[in-house]
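These notes are about the structure you will find just below.
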Amino acid sequence: MTTAPATATASATRTRRGPGFLARLPIHVVIIFLIVIWLIPTIGLLVNSLRPPDEVTKSGWWTVLFNPSQLTLDNYRFVLAQDSITAGFINSLFISIPATIIPIMVAAFAAYAFAWMSFPGRDVLFILVVGLLVIPLQSTFIPILQLYGPKGFNIAGSFLAVWLAHTGYGLPFAIFLLRNFMGELPREVFESAAIDGASPVTAFFRLALPMTVPAIAALAIFQFLFVWNDLLVALIYLGAQNPDNAPLTIVVSNLVSSLGGGWQYLAAAAFVTMAVPLIVFLGLQRYFVRGIVGGSVKG
């Protein structure tokens with residue numbers, strides 16, 4: 001008695017799914033086409049990193065499809081054999097990890113205060129903090145260098161200088177993102193905690209922080225990628241004063257001589273530097289969309 005209706009329902013479901021899939025097929029084709037077009041420069045760079053320089057100057061990267069024998073690992077061997085690459089890799093880790101953790105910690109406290117604590121001028125102060133996003137980094141170099149110089153804190157060229165710089169540059173966006181996410185957390189949870197006698201500090205560490213993990217993970221991806229791939233800030237606060245602390249981006253740029261020699265190693269070095277950011281993104285990608293979407297409706 002129930003087999004016929006169930007069969008009819010399943011058939012109707014397949015019928016509904018069929019036209020829907022066909023209707024979405026052009027969209028999928030367009031998206032795949034755009035992805036392929038977007039990846040072509042990266043694929044070309046990867047192929048050229050495996051080709052000798054004379055082949056790169058004579059023909060396009062797509063000729064590898066017809067002559068794969070020209071592929072070689074010599075560029076990667078040269079790059080990985082450089083002692084400065086190893087030192088730059090360690091320096092980049094030593095810069096990127098604290099420069100990611102410090103602003104996230106500070107921004108989490110500030111975001112919780114802006115979202116769930118009442119104090120005079122809260123909204124005005126939040127607008128001022130978010131307004132710092134529009135200030136160009138270049139306009140801050142001279143005053144901060146004077147502050148870091150011998151007449152100020154005298155920390156120019158040290159890792160502390162670049163940690164503080166990246167913290168200041170990353171805080172406005174970090175506070176904005178985390179505040180909007182925390183503002184959407186259930187109010188009932190914090191009210192119940194207050195009734196049970198929980199202090200704001202306890203509510204922050206026991207409730208707000210665990211529920212904000214997706215946004216923190218998304219922010220960690222953004223901040224880590226910005227610091228890891230940064231050349232300008234590191235060059236201003238580290239490169240000139242202390243070359244021994246130079247990160248990987250400065251070391252890679254120095255592979256090319258002043259006369260343009262060694263350019264063939266840049267592609268191989270670029271893919272070497274991509275390894276760590278790719279691992280970070282793949283490890284945190286499940287939180288990425290939730291962290292970005294959170295707070296986009298209200299906050």
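We name chains A, B, ... following the order of the structure tokens; residues begin at 1 in each chain, and ligands are numbered from 1 as shown.
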Residues of region 204-246 of chain A in alpha helix (DSSP H), written as a PyMOL selection string: chain A and resi 209-211+213-228+232-234
Please dump the current selection as a compact mmCIF listing (two decimals), in the first residue's frame; keep C-alpha atoms.
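selection-v7.txt, written as the output of this step:
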```txt
# COMPACT_ATOMS: atom_id res chain seq x y z
CA LEU A 209 35.91 33.17 23.01
CA PRO A 210 34.92 29.53 22.30
CA MET A 211 31.90 30.62 20.25
CA VAL A 213 36.50 30.39 17.00
CA PRO A 214 35.29 30.54 13.33
CA ALA A 215 35.86 34.30 13.15
CA ILE A 216 39.21 34.02 14.92
CA ALA A 217 40.32 31.31 12.46
CA ALA A 218 39.27 33.44 9.47
CA LEU A 219 41.08 36.43 10.94
CA ALA A 220 44.17 34.30 11.56
CA ILE A 221 44.23 33.35 7.87
CA PHE A 222 43.99 36.97 6.75
CA GLN A 223 46.58 38.26 9.19
CA PHE A 224 49.06 35.44 8.65
CA LEU A 225 48.87 35.75 4.86
CA PHE A 226 49.32 39.52 5.06
CA VAL A 227 52.36 39.29 7.33
CA TRP A 228 53.94 36.31 5.55
CA LEU A 232 57.10 46.77 2.32
CA VAL A 233 56.60 46.81 6.11
CA ALA A 234 59.45 44.36 6.68
```
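Once Pro41 (chain A) and its same-chain neighbours fewer than 5 positions away are set aside, Ile35, Val36, Leu46, Val47, Asn48, Gly60, Trp61, Trp62 and Ala267 of chain A remain within 12 Å of it when counting only C-alpha atoms.
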Saved selection, atoms kept: C-alpha atoms, as a CSV table (one decimal), in the first residue's frame:
```csv
chain,number,residue,atom,x,y,z
A,35,ILE,CA,38.5,29.2,-12.4
A,36,VAL,CA,40.6,27.9,-15.3
A,46,LEU,CA,54.8,26.9,-12.1
A,47,VAL,CA,55.8,25.5,-15.4
A,48,ASN,CA,58.4,28.3,-16.0
A,60,GLY,CA,55.9,29.9,-24.1
A,61,TRP,CA,55.2,27.7,-21.1
A,62,TRP,CA,52.6,25.8,-23.0
A,267,ALA,CA,59.4,31.7,-9.9
```
Considering only C-alpha atoms, give me a table of residues in region 79-130 of chain A that are at most 10 Å from region 147-162 of chain A, with the closest atom pair and distance in Å for each, as CSV.
```
residue,atom,partner,partner_atom,distance
A:Asn91,CA,A:Phe159,CA,8.9
A:Phe94,CA,A:Phe159,CA,8.1
A:Ile95,CA,A:Phe159,CA,6.6
A:Ser96,CA,A:Val162,CA,9.6
A:Pro98,CA,A:Leu160,CA,9.4
A:Ala99,CA,A:Val162,CA,7.9
```
Keeping only C-alpha atoms, write the selected residues as an mmCIF file, in the first residue's frame.
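For reference, out_25.cif as written:
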```
data_model
loop_
_atom_site.group_PDB
_atom_site.id
_atom_site.type_symbol
_atom_site.label_atom_id
_atom_site.label_comp_id
_atom_site.auth_asym_id
_atom_site.auth_seq_id
_atom_site.Cartn_x
_atom_site.Cartn_y
_atom_site.Cartn_z
ATOM 1 C CA ASN A 91 62.722 34.792 10.288
ATOM 2 C CA PHE A 94 59.392 34.252 13.845
ATOM 3 C CA ILE A 95 57.732 37.398 12.496
ATOM 4 C CA SER A 96 54.419 35.992 11.250
ATOM 5 C CA PRO A 98 53.622 36.595 16.934
ATOM 6 C CA ALA A 99 52.348 39.237 14.485
#
```
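Atom pair CA of Tyr237 (chain A) / CA of Pro103 (chain A): separated by 17.9 Å.
Counting only C-alpha atoms and comparing A:Ala193, A:Val201, A:Phe126, A:Leu145, the residue that lies closest to Phe173 (chain A) is A:Phe126.
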Residue nearest Ile101 (chain A) among A:Tyr76, A:Phe176, A:Phe114, A:Trp163 (counting only C-alpha atoms): A:Trp163
Atomic distance CA of Ser49 (chain A) - CA of Val252 (chain A), expressed in Å with one decimal: 13.9 Å
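Each of A:Val134, A:Val30, A:Ile102, A:Leu73 was checked against Leu50 (chain A) using only C-alpha atoms; the smallest atom-to-atom distance is that of A:Leu73.
Between CA of Ala111 (chain A) and CA of Ile127 (chain A) there is a distance of 12.5 Å.
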Residue nearest Leu137 (chain A) among A:Phe181, A:Phe109, A:Tyr169, A:Phe66 (counting only C-alpha atoms): A:Tyr169
Residues near Ile135 (chain A), cut-off 12 Å, only C-alpha atoms, skip fewer than 3 positions along chain, as a PyMOL selection string: chain A and resi 128-132+138-141+168-170+172-173
